[in-house]
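> Here it is: the structure, laid out below.
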Amino acid sequence: MLLDIGQAKIRGRWKHSIVTEALAYVSHSKDPWFNLAFEDWLFRTSSKPSHVLFLYRNSPSVIIGRNQNPWNEMDLKTMKSLDIPFIRRRSGGGTVFHDLGNTNYSVMMPQSVFNRRDNAQLVASALNKLDVPASVNERHDIVVDGYKISGSAFKLTSSRAYHHGTMLLNSNIKTLSQALKNPNQSLVTKGVPSVRSPVKNVVDWQPNITHETFVDAIIKRFKEHHKMGKNTVVSNIDESLLEKDVSEQVTKLKDELQEWSWHYGQTPEFTNTVDTTIEGQKYVAEIKSKHGRITELSVSNCPEELIGQFSEKKYGFIRLEDIKTRNKLEESIVEWLIECM
């Protein structure tokens, strides 16, 4: 049986609370896969008229929109060296960096009353209460003095909607810049590109702000907005605080996020055109990919029996031993093509 959104788990047991139209959840898990899966589960199972606030932090990770190209949005090689994963979320929008200096919020509601600006304004007003001069710009980003401190995205269905975003409280801006640097300038994609903006941390204006003070402020503002009483339960959750049936459902959604077919296979069609010189000969390659697989590859001055082996292989996952070569030159060409992916 699905957990009703009007229940809260307290001391390891789900206890029924008074059904309300507005509820708040705070995750103490730092697992980005779990938190995004739990957010998806909340959205799928919450009652149609309810308003839900979900707050969480993630360990270092990069979160991309459902229609984005990971090879175009981030430096995958740098991220691998830093042991930073990326997760493709269910909503659209651009790429964001998460770490423990960044607090994430998600506001869910009936689709009929969804207003992206109002939701962003609710978060900005919580910051105002903490003496941060935040405002909402025309893109519905939250900014201070022209610097972006929060980016957001949304998802709509026929009956429900949510608006979620980041809040850069005291994030590692250097790592953010390294992870979100695009090394593939030659790549042309049909995916949704991120809009790059100058960013700063909230601590640059309010040094005393913490994850806890921001969470308290936004919950208070959420309660005020919905005229919720003092008896309102704020549910603290993590992996250990879910009943078996709920845990199984969240785990299933988590597994779906990690499946190759979603993680990479959701990538829109793109083309990567590259060139090099090997042993005095220039080579120009055009690599076309759709749903994460190579659909077409052309390389000048290269035999078809070598290039044809790349067809339908997973872009970025080809190893040298996957391609049969006849000599050192062909091996060098294959190594170059693999390096370009």
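Each chain in the structure tokens gets a letter, A, B, ..., in the order shown, and its residues are numbered from 1; ligands are numbered from 1 in order too.
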Please extract the residues of segment 90-307 of chain A with a backbone DSSP assignment of helix (DSSP H, G or I) and present them as an NGL selection string.

:A and (111-113 or 116-129 or 173-179 or 202-204 or 211-225 or 239-241 or 244-258 or 260-263 or 304-307)

> Give me the residues within 12 Å of Thr175 of chain A as a list in words, counting only C-alpha atoms and dropping any in the same chain fewer than 3 places off.

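After dropping sequence-adjacent residues, the list is Pro60, Ser61, Val62, Met74, Asp75, Thr78, Met79, Ser81, Leu82, Asp83, Ile84, Val96, Phe97, His98, Asp99, Gly101, Ser171, Asn172, Gln178, Ala179, Leu180 and Lys181 of chain A.
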
> Please provide as a ChimeraX atom specification all residues within 7 Å of Thr295 of chain A, with the sequence filter that same-chain residues fewer than 5 positions apart are discarded (counting only C-alpha atoms).

/A:288-290,311-312

> If you count only C-alpha atoms, which residues fall within 8 Å of Asn301 of chain A, apart from same-chain ones fewer than 2 positions away, as a PyMOL selection string?

chain A and resi 283+299+303

> Output the selection as a PDB file, in the first residue's frame - N, CA and C atoms for each residue.


ATOM      1  N   TYR A 283      43.131  13.508 -40.715  1.00  0.00           N
ATOM      2  CA  TYR A 283      41.890  12.746 -40.638  1.00  0.00           C
ATOM      3  C   TYR A 283      40.781  13.652 -40.083  1.00  0.00           C
ATOM      4  N   VAL A 299      35.041   8.842 -41.511  1.00  0.00           N
ATOM      5  CA  VAL A 299      36.405   9.306 -41.257  1.00  0.00           C
ATOM      6  C   VAL A 299      37.138   9.348 -42.582  1.00  0.00           C
ATOM      7  N   PRO A 303      39.564   3.090 -43.966  1.00  0.00           N
ATOM      8  CA  PRO A 303      38.802   1.979 -44.569  1.00  0.00           C
ATOM      9  C   PRO A 303      37.467   1.734 -43.879  1.00  0.00           C
TER      10      PRO A 303
END

> So, counting only C-alpha atoms, which residue among A:Val203, A:Leu329, A:Ala37, A:Ala126 is closest to Ile219 of chain A?

A:Ala126

> With distances taken over only C-alpha atoms, which residue among A:Asp145, A:Glu224, A:Asp238, A:Glu138 lies nearest Lys200 of chain A?

A:Asp145

> Could you list, as a list of chain:residue names, every residue within 12 Å of Trp41 of chain A, counting only C-alpha atoms and ignoring same-chain residues fewer than 5 positions away?

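Near Trp41 of chain A, the qualifying residues are A:Leu2, A:Leu3, A:Asp4, A:Ile5, A:Phe34, A:Asn35, A:Leu36, A:Ser46, A:Ser47, A:Phe54, A:Arg90, A:Met108, A:Val246, A:Ser247, A:Glu248, A:Gln249, A:Val250, A:Thr251, A:Lys252, A:Leu253, A:Lys254.
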
> Considering only strand (DSSP E or B) as DSSP defines it on the backbone, what residues of segment 206-255 of chain A qualify? List them as a PyMOL selection string.

chain A and resi 234-237

> Residues near Ser261 of chain A, anyone? I mean within 12 Å using only C-alpha atoms, not counting same-chain ones fewer than 3 positions away, as a ChimeraX atom specification.

/A:88,255-258,264-267,290-293,314

> Interatomic distance between atom CA of Ser91 of chain A and atom CA of Val233 of chain A?

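These two atoms are separated by 27.4 Å.
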
> Using only C-alpha atoms, which of the listed residues (A:Ile64, A:Leu156, A:Ala161, A:Val123) sits closest to Val52 of chain A?

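Of all the options, A:Ala161 lies closest to Val52 of chain A.
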
> Rounded to one decimal place, report the atom CA of Glu321 of chain A-atom CA of Leu306 of chain A distance in Å.

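Calculated distance between atom CA of Glu321 of chain A and atom CA of Leu306 of chain A is 12.7 Å.
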
> Grab the atom CA of Gln281 of chain A to atom CA of Gln185 of chain A distance for me, in Å with one decimal place.

23.1 Å

> Which residue gives the smallest distance to Pro193 of chain A among A:Asn72, A:Val143, A:Pro32, A:Tyr25, with only C-alpha atoms counted?

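Answer, going by the shortest atom-to-atom distance: A:Asn72.
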
> When you count only C-alpha atoms, which of these residues is closest to Thr166 of chain A: A:Ser29, A:Ser106, A:Ser112, A:Thr45?

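When distances to Thr166 of chain A are compared using only C-alpha atoms, the smallest one comes from A:Ser106.
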
> From the options A:Leu53, A:Ile333, A:Leu122, A:Ala285, which residue's atoms come nearest to Arg221 of chain A, counting only C-alpha atoms?

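Using only C-alpha atoms, the shortest distance to Arg221 of chain A belongs to A:Leu122.
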